Amino acid sequence: MEERRLMKGNEAFGLAAILGGARYYFGYPITPQNEVTEFMSRELPNYGGFFLQAESELAAINMAYGASAAGGRVFISSSSPGLALMQEGLSGLASIEAPVVVLNVMRGGPGIGNIQPGQADYYQVTRGGGNGDYHLIVFAPASIQEAMDMIVEGFEIADRYTNPVLIAADGMLGQMMEPVTLPSMDKEYSLEKILKTKPWALTGHKNKRERNVIKSVYLKQELLEEHVLKIFEKYDKAVKELPSFEEVDLKDAEIVYVAFGTTSRMVKEAMELLKEKGVKTGLIRPKTLWPFPREAFDGIDKSTKMVVSCELSMGQMIDDVKLSLKGRLPVSLINRTGGMLLTPGEIVERTLKLL
Amino acid sequence: MGEGKTPPLNRITVVLGHAGSGKTEFALNYSVKSRETHKKVAICDLEIINPYFRSREQQKELTDLGIRVIANTFGYDISEELPAVSAKIKIPLQNKDYIGVYDLGGDDTGSIILAQIKKELVEEDGLLLLVVNIYRKETCDLKGIISQINRIEEKTGLKIKGLVNNSNLLEETAMNNIIEGHNLLKEVEKERGIPLVYDMVQDKVLSRFTKDNTENLSLFKVKLFGRPSWLSF
């Protein structure tokens with residue numbers, strides 16, 4: 001049997017990044033993700049990596065910008081208000097087409113909010129707080145193991161699409177413990193490999209090749225439009241290739257829930273409780289928030305009368321649920337916000353009221 | 001079935017361990033069991049490291065069970081707290097009617113706080129228990145556990161007097177996980193002369209085991225306070 005280990009979410013996220021090949025981490029402390037920064041400061045140098053505590057989130061994202069432009073495999077992490085400070089940099093990274101994996105251990109907002117778990121960054125991560133036409137590729141793990149796997153895969157996807165990939169975890173996932181199997185270690189990330197797989201990287205031309213130029217400024221409007229259209233060709237491809245979801249018991253379901261991350265686990269227990277009461281329910285769990293898995297909604301059975309978006313926010317993903325359903329079914333919201341969690345009991349109670 | 005001794009083992013017990021070793025769950029269950037035979041039980045939450053999963057979050061449930069919770073919060077609201085340690089933490093040490101359980105933050109860093117009550121702890125012959133889960137990387141072998149004991153003893157100037165085996169993989173825990181932990185801690189016992197006092201096991205996990213294979217253990221059955229039920233889904 002493969003070796004199982006009990007890990008705290010934040011430690012596991014850091015370890016997954018290292019095993020996935022990250023050798024550069026720039027961070028600024030913020031709860032509830034501090035253990036990631038602590039873990040990377042302690043462990044990354046042991047793998048030949050480079051850790052730097054930045055003076056702010058703005059500095060961290062711009063250090064990531066530089067290291068990624070030079071071909072390094074970069075991991076950064078923060079929590080909601082910290083990620084808000086990084087938005088300008090994320091827009092820049094998308095524009096210069098730099099692969100970086102960004103972890104957001106979401107907490108209650110708006111503003112400074114609090115340090116309890118939340119999902120109210122859905123707009124921030126899928127719609128972008130940064131300027132201009134761009135997208136982040138966003139994954140939403142529901143367990144520590146899934147988060148580790150998504151972080152490792154995230155580096156491959158970030159490289160393939162030359163775009164930042166964001167992992168939308170939350171304070172609960174960061175702080176709780178679960179047994180995990182470690183992903184296998186990526187091979188050494190050498191300069192040779194960078195030169196081979198990232199010909200655009202700023203590795204120094206040494207008068208042997210044309211200079212590489214990385215920039216996000218295109219003063220001529222024709223050139224900027226051309227640049228944006230080129231980036232959006234990648235996004236079109238991502239929309240076809242990346243959407244991912246889990247579906248549970250859609251057949252014969254009267255109600256179908258849509259929930260991502262930890263909320264999906266609260267919903268799964270509620271579904272069991274409702275089954276005992278004779279109410280058939282199903283679940284669509286988006287694993288990617290952008291691109292949103294719209295095709296998942298084609299699997300909804302004729303028996304379904306209503307779709308319920310369950311969120312730890314005032315209802316943000318619900319917009320994508322409605323866009324996916326195109327008015328076919330009524331959509332309701334069961335939610336808590338401000339760092340409050342739904343409980344399976346509350347989901348059951350509020351569902352019964354909707355029937 | 002091999003049951004461990006009925007708590008409390010001492011008037012004053014201090015629970016230490018690696019971050020995520022299960023200290024808080026042990027301390028909470030130990031307090032609840034102590035309350036079954038003692039009128040005055042107080043649990044002091046000295047977690048100064050981690051803002052999640054702390055004893056003080058269970059204040060309401062513990063208070064209802066007749067256990068006094070001493071933490072630096074106002075009422076039940078865990079968010080209204082001071083970044084300081086209340087002088088009240090000395091109550092169980094000074095008032096000998098109390099059974100006192102001290103729940104500390106993780107590792108040697110979390111144990112620094114004992115400096116504030118060291119004099120009283122020595123006077124009252126406080127029992128320092130180290131909770132170990134061998135499925136945590138830092139305490140997965142003899143070397144790791146001994147190193148942790150050394151670091152805590154060096155930082156606090158106090159001796160660890162008992163070991164608690166909490167080797168588990170949560171719901172996935174199998175009998176051999178507990179036995180492997182038991183065997184490794186028996187080696188620590190041999191090496192350092194610190195007795196293994198309990199083998200901690202979740203109630204619902206224990207129900208899966210047969211009585212025969214628990215004979216050599218000193219079982220300490222626990223119910224998890226801090227873990228919501230939906231995390232099993």
# chains A, B, ... in the order shown; residues from 1 in each chain; ligands from 1

call {"tool": "select_by_dssp", "arguments": {"residues": "range 17-175 of chain B", "states": "helix (DSSP H, G or I)", "output": "PyMOL selection string"}}
result
chain B and resi 23-37+55-64+87-94+107-123+137-139+142-156+175

call {"tool": "interface_residues", "arguments": {"of": "chain B", "to": "chain A", "cutoff": "8 Å", "atoms": "only C-alpha atoms", "output": "list in words"}}
result
Gly20, Pro51, Tyr52, Tyr135, Arg136, Lys137, Asn168, Leu169, Leu170, Glu172, Trp230, Leu231 and Phe233 of chain B

call {"tool": "write_last_selection", "arguments": {"atoms": "N, CA, C and O atoms", "output": "short mmCIF file (atom, residue, chain, number, x, y, z; two decimals), in the first residue's frame"}}
result
data_model
loop_
_atom_site.label_atom_id
_atom_site.label_comp_id
_atom_site.auth_asym_id
_atom_site.auth_seq_id
_atom_site.Cartn_x
_atom_site.Cartn_y
_atom_site.Cartn_z
N GLY B 20 -0.57 19.61 15.26
CA GLY B 20 -1.36 18.60 14.57
C GLY B 20 -1.22 17.20 15.15
O GLY B 20 -1.64 16.23 14.53
N PRO B 51 -4.57 30.05 15.12
CA PRO B 51 -5.87 30.68 15.33
C PRO B 51 -7.07 29.78 15.05
O PRO B 51 -8.20 30.20 15.18
N TYR B 52 -6.84 28.56 14.60
CA TYR B 52 -7.94 27.64 14.30
C TYR B 52 -7.89 26.44 15.25
O TYR B 52 -6.82 26.11 15.77
N TYR B 135 2.25 9.42 12.24
CA TYR B 135 1.95 9.72 10.83
C TYR B 135 2.11 11.20 10.52
O TYR B 135 1.71 11.67 9.45
N ARG B 136 2.70 11.93 11.47
CA ARG B 136 3.15 13.30 11.20
C ARG B 136 4.64 13.17 10.92
O ARG B 136 5.36 12.50 11.68
N LYS B 137 5.08 13.82 9.82
CA LYS B 137 6.44 13.61 9.33
C LYS B 137 7.51 13.84 10.40
O LYS B 137 8.45 13.08 10.55
N ASN B 168 -2.66 8.05 14.17
CA ASN B 168 -3.92 7.83 13.44
C ASN B 168 -3.89 8.50 12.09
O ASN B 168 -3.10 9.40 11.83
N LEU B 169 -4.78 8.04 11.22
CA LEU B 169 -5.01 8.66 9.92
C LEU B 169 -6.49 9.04 9.83
O LEU B 169 -7.17 8.76 8.85
N LEU B 170 -6.98 9.61 10.92
CA LEU B 170 -8.40 9.96 11.04
C LEU B 170 -9.30 8.78 10.70
O LEU B 170 -9.08 7.70 11.22
N GLU B 172 -9.39 6.84 8.33
CA GLU B 172 -8.72 5.71 7.69
C GLU B 172 -7.95 4.83 8.68
O GLU B 172 -7.34 3.84 8.29
N TRP B 230 -19.03 16.80 8.58
CA TRP B 230 -19.01 16.80 7.12
C TRP B 230 -17.61 16.58 6.54
O TRP B 230 -17.47 16.32 5.35
N LEU B 231 -16.59 16.66 7.39
CA LEU B 231 -15.25 16.37 6.88
C LEU B 231 -15.06 14.89 6.61
O LEU B 231 -14.07 14.47 6.03
N PHE B 233 -17.03 13.46 4.64
CA PHE B 233 -17.64 13.28 3.31
C PHE B 233 -16.71 13.78 2.21
O PHE B 233 -15.79 14.52 2.48
#

call {"tool": "select_by_dssp", "arguments": {"residues": "range 2-197 of chain B", "states": "strand (DSSP E)", "output": "MDAnalysis selection string"}}
result
chainID B and resid 12:17 41:46 67:70 73:74 77:81 99:104 127:132 162:165 196:197

call {"tool": "closest_atom_pairs", "arguments": {"of": "range 145-256 of chain A", "to": "range 10-30 of chain A", "cutoff": "12 Å", "atoms": "only C-alpha atoms", "output": "tab-separated table"}}
result
residue	atom	partner	partner_atom	distance
A:Gln145	CA	A:Ala12	CA	8.2
A:Glu146	CA	A:Phe13	CA	10.0
A:Ala147	CA	A:Phe13	CA	6.9
A:Met148	CA	A:Ala16	CA	5.0
A:Asp149	CA	A:Ala16	CA	7.3
A:Met150	CA	A:Ala16	CA	8.8
A:Ile151	CA	A:Ala17	CA	6.1
A:Val152	CA	A:Gly20	CA	4.4
A:Glu153	CA	A:Gly20	CA	7.6
A:Gly154	CA	A:Gly20	CA	8.5
A:Phe155	CA	A:Gly20	CA	6.8
A:Glu156	CA	A:Gly20	CA	8.6
A:Ile157	CA	A:Gly20	CA	11.6
A:Ala158	CA	A:Gly20	CA	11.8
A:Asp159	CA	A:Gly21	CA	11.7
A:Ile167	CA	A:Phe13	CA	9.9
A:Ala168	CA	A:Phe13	CA	11.6
A:Ala169	CA	A:Phe13	CA	9.8
A:Asp170	CA	A:Asn10	CA	10.1
A:Gly171	CA	A:Asn10	CA	9.2
A:Met172	CA	A:Asn10	CA	9.9
A:Leu173	CA	A:Asn10	CA	7.7
A:Gly174	CA	A:Asn10	CA	4.6
A:Gln175	CA	A:Asn10	CA	6.5
A:Met176	CA	A:Asn10	CA	8.5
A:Met177	CA	A:Asn10	CA	9.2
A:Glu178	CA	A:Ala12	CA	9.5
A:Pro179	CA	A:Ala12	CA	10.1
A:Val180	CA	A:Ala12	CA	8.4
A:Thr181	CA	A:Ala12	CA	10.1
A:Leu182	CA	A:Ala16	CA	7.5
A:Pro183	CA	A:Leu19	CA	6.8
A:Ser184	CA	A:Leu19	CA	6.6
A:Met185	CA	A:Leu19	CA	4.5
A:Asp186	CA	A:Gly20	CA	5.4
A:Lys187	CA	A:Gly21	CA	7.3
A:Glu188	CA	A:Gly21	CA	7.3
A:Tyr189	CA	A:Gly21	CA	6.6
A:Ser190	CA	A:Gly21	CA	10.3
A:Lys193	CA	A:Gly21	CA	11.9

call {"tool": "closest_residue", "arguments": {"among": "A:Gly82, A:Pro330, A:Gly282, A:Pro243", "to": "Ile255 in chain A", "atoms": "only C-alpha atoms"}}
result
A:Gly282

call {"tool": "residues_around", "arguments": {"residues": "Val239 in chain A", "least_positions_apart": "6", "cutoff": "12 Å", "atoms": "only C-alpha atoms", "output": "list in words"}}
result
His135, Leu136, Ile137, Val138, Tyr161, Phe232, Glu233, Thr288, Leu289, Trp290, Pro291, Phe292, Pro293, Arg294 and Glu295 of chain A

call {"tool": "closest_residue", "arguments": {"among": "B:Ile112, B:Val222, B:Ile194, B:Ala42", "to": "Gly162 in chain B", "atoms": "only C-alpha atoms"}}
result
B:Ile194

call {"tool": "atom_distance", "arguments": {"atom1": "CA of Gly49 in chain A", "atom2": "CA of Ser78 in chain A"}}
result
19.1 Å

call {"tool": "atom_distance", "arguments": {"atom1": "CA of Ser91 in chain A", "atom2": "CA of Gly132 in chain A"}}
result
7.2 Å

call {"tool": "residues_around", "arguments": {"residues": "Ile334 in chain A", "least_positions_apart": "4", "cutoff": "8 Å", "atoms": "only C-alpha atoms", "output": "PyMOL selection string"}}
result
chain A and resi 308-311+347+350-351

call {"tool": "write_last_selection", "arguments": {"atoms": "N, CA and C atoms", "output": "JSON list (two decimals), in the first residue's frame"}}
result
[["chain", "number", "residue", "atom", "x", "y", "z"],
["A", 308, "VAL", "N", -29.82, 24.47, -6.82],
["A", 308, "VAL", "CA", -29.49, 25.31, -5.66],
["A", 308, "VAL", "C", -27.99, 25.51, -5.59],
["A", 309, "SER", "N", -27.58, 26.76, -5.65],
["A", 309, "SER", "CA", -26.16, 27.08, -5.51],
["A", 309, "SER", "C", -25.85, 27.24, -4.02],
["A", 310, "CYS", "N", -24.93, 26.44, -3.51],
["A", 310, "CYS", "CA", -24.54, 26.53, -2.10],
["A", 310, "CYS", "C", -23.18, 27.19, -2.01],
["A", 311, "GLU", "N", -23.12, 28.30, -1.32],
["A", 311, "GLU", "CA", -21.87, 29.07, -1.32],
["A", 311, "GLU", "C", -21.61, 29.73, 0.03],
["A", 347, "ILE", "N", -28.42, 23.17, 5.74],
["A", 347, "ILE", "CA", -28.71, 22.94, 4.31],
["A", 347, "ILE", "C", -30.01, 22.14, 4.17],
["A", 350, "ARG", "N", -33.06, 24.43, 5.09],
["A", 350, "ARG", "CA", -33.36, 25.45, 4.08],
["A", 350, "ARG", "C", -33.82, 24.82, 2.77],
["A", 351, "THR", "N", -33.34, 23.59, 2.49],
["A", 351, "THR", "CA", -33.79, 22.89, 1.29],
["A", 351, "THR", "C", -35.27, 22.52, 1.43]]

call {"tool": "residues_around", "arguments": {"residues": "Gln116 in chain B", "least_positions_apart": "3", "cutoff": "10 Å", "atoms": "only C-alpha atoms", "output": "PyMOL selection string"}}
result
chain B and resi 85+87+89-90+112-113+119-121

call {"tool": "write_last_selection", "arguments": {"atoms": "all heavy atoms", "output": "PDB file, in the first residue's frame"}}
result
ATOM      1  N   VAL B  85      -1.704  36.573  27.736  1.00  0.00           N
ATOM      2  CA  VAL B  85      -2.159  35.428  28.521  1.00  0.00           C
ATOM      3  C   VAL B  85      -2.735  35.923  29.839  1.00  0.00           C
ATOM      4  O   VAL B  85      -2.107  36.705  30.551  1.00  0.00           O
ATOM      5  CB  VAL B  85      -0.983  34.463  28.771  1.00  0.00           C
ATOM      6  CG1 VAL B  85      -1.433  33.289  29.617  1.00  0.00           C
ATOM      7  CG2 VAL B  85      -0.422  33.971  27.448  1.00  0.00           C
ATOM      8  N   ALA B  87      -3.931  36.189  33.665  1.00  0.00           N
ATOM      9  CA  ALA B  87      -3.366  35.744  34.950  1.00  0.00           C
ATOM     10  C   ALA B  87      -4.190  34.593  35.524  1.00  0.00           C
ATOM     11  O   ALA B  87      -3.738  33.869  36.407  1.00  0.00           O
ATOM     12  CB  ALA B  87      -3.314  36.904  35.928  1.00  0.00           C
ATOM     13  N   ILE B  89      -4.714  31.865  34.380  1.00  0.00           N
ATOM     14  CA  ILE B  89      -4.154  30.532  34.119  1.00  0.00           C
ATOM     15  C   ILE B  89      -3.524  29.926  35.378  1.00  0.00           C
ATOM     16  O   ILE B  89      -3.265  28.739  35.430  1.00  0.00           O
ATOM     17  CB  ILE B  89      -3.120  30.519  32.966  1.00  0.00           C
ATOM     18  CG1 ILE B  89      -1.869  31.312  33.335  1.00  0.00           C
ATOM     19  CG2 ILE B  89      -3.736  31.025  31.679  1.00  0.00           C
ATOM     20  CD1 ILE B  89      -0.708  31.063  32.397  1.00  0.00           C
ATOM     21  N   LYS B  90      -3.322  30.779  36.391  1.00  0.00           N
ATOM     22  CA  LYS B  90      -2.722  30.258  37.634  1.00  0.00           C
ATOM     23  C   LYS B  90      -3.757  29.693  38.584  1.00  0.00           C
ATOM     24  O   LYS B  90      -3.410  29.068  39.585  1.00  0.00           O
ATOM     25  CB  LYS B  90      -1.897  31.342  38.326  1.00  0.00           C
ATOM     26  CG  LYS B  90      -0.666  31.728  37.518  1.00  0.00           C
ATOM     27  CD  LYS B  90       0.399  32.391  38.345  1.00  0.00           C
ATOM     28  CE  LYS B  90       1.639  32.649  37.491  1.00  0.00           C
ATOM     29  NZ  LYS B  90       2.693  33.314  38.210  1.00  0.00           N
ATOM     30  N   ILE B 112       6.951  27.423  25.130  1.00  0.00           N
ATOM     31  CA  ILE B 112       7.672  28.532  25.787  1.00  0.00           C
ATOM     32  C   ILE B 112       6.827  29.164  26.888  1.00  0.00           C
ATOM     33  O   ILE B 112       7.330  29.572  27.930  1.00  0.00           O
ATOM     34  CB  ILE B 112       8.025  29.639  24.751  1.00  0.00           C
ATOM     35  CG1 ILE B 112       9.020  29.090  23.729  1.00  0.00           C
ATOM     36  CG2 ILE B 112       8.610  30.871  25.415  1.00  0.00           C
ATOM     37  CD1 ILE B 112       9.272  30.032  22.580  1.00  0.00           C
ATOM     38  N   ILE B 113       5.529  29.181  26.650  1.00  0.00           N
ATOM     39  CA  ILE B 113       4.594  29.831  27.571  1.00  0.00           C
ATOM     40  C   ILE B 113       4.656  29.248  28.984  1.00  0.00           C
ATOM     41  O   ILE B 113       4.286  29.903  29.960  1.00  0.00           O
ATOM     42  CB  ILE B 113       3.170  29.756  26.983  1.00  0.00           C
ATOM     43  CG1 ILE B 113       2.277  30.819  27.604  1.00  0.00           C
ATOM     44  CG2 ILE B 113       2.568  28.371  27.120  1.00  0.00           C
ATOM     45  CD1 ILE B 113       1.015  31.073  26.849  1.00  0.00           C
ATOM     46  N   LYS B 119       7.399  27.864  38.046  1.00  0.00           N
ATOM     47  CA  LYS B 119       7.612  27.721  39.488  1.00  0.00           C
ATOM     48  C   LYS B 119       6.488  26.877  40.106  1.00  0.00           C
ATOM     49  O   LYS B 119       6.753  25.910  40.826  1.00  0.00           O
ATOM     50  CB  LYS B 119       7.645  29.121  40.117  1.00  0.00           C
ATOM     51  CG  LYS B 119       8.009  29.146  41.573  1.00  0.00           C
ATOM     52  CD  LYS B 119       8.206  30.599  42.035  1.00  0.00           C
ATOM     53  CE  LYS B 119       7.894  30.751  43.505  1.00  0.00           C
ATOM     54  NZ  LYS B 119       6.480  31.012  43.801  1.00  0.00           N
ATOM     55  N   GLU B 120       5.260  27.246  39.781  1.00  0.00           N
ATOM     56  CA  GLU B 120       4.091  26.524  40.327  1.00  0.00           C
ATOM     57  C   GLU B 120       4.041  25.080  39.810  1.00  0.00           C
ATOM     58  O   GLU B 120       3.678  24.174  40.551  1.00  0.00           O
ATOM     59  CB  GLU B 120       2.793  27.238  39.952  1.00  0.00           C
ATOM     60  CG  GLU B 120       2.587  28.573  40.640  1.00  0.00           C
ATOM     61  CD  GLU B 120       3.198  29.738  39.872  1.00  0.00           C
ATOM     62  OE1 GLU B 120       4.064  29.502  38.999  1.00  0.00           O
ATOM     63  OE2 GLU B 120       2.829  30.891  40.159  1.00  0.00           O
ATOM     64  N   LEU B 121       4.398  24.913  38.520  1.00  0.00           N
ATOM     65  CA  LEU B 121       4.366  23.560  37.952  1.00  0.00           C
ATOM     66  C   LEU B 121       5.326  22.634  38.682  1.00  0.00           C
ATOM     67  O   LEU B 121       5.019  21.477  38.954  1.00  0.00           O
ATOM     68  CB  LEU B 121       4.751  23.589  36.465  1.00  0.00           C
ATOM     69  CG  LEU B 121       3.632  23.834  35.454  1.00  0.00           C
ATOM     70  CD1 LEU B 121       4.197  23.856  34.047  1.00  0.00           C
ATOM     71  CD2 LEU B 121       2.535  22.789  35.574  1.00  0.00           C
TER      72      LEU B 121
END
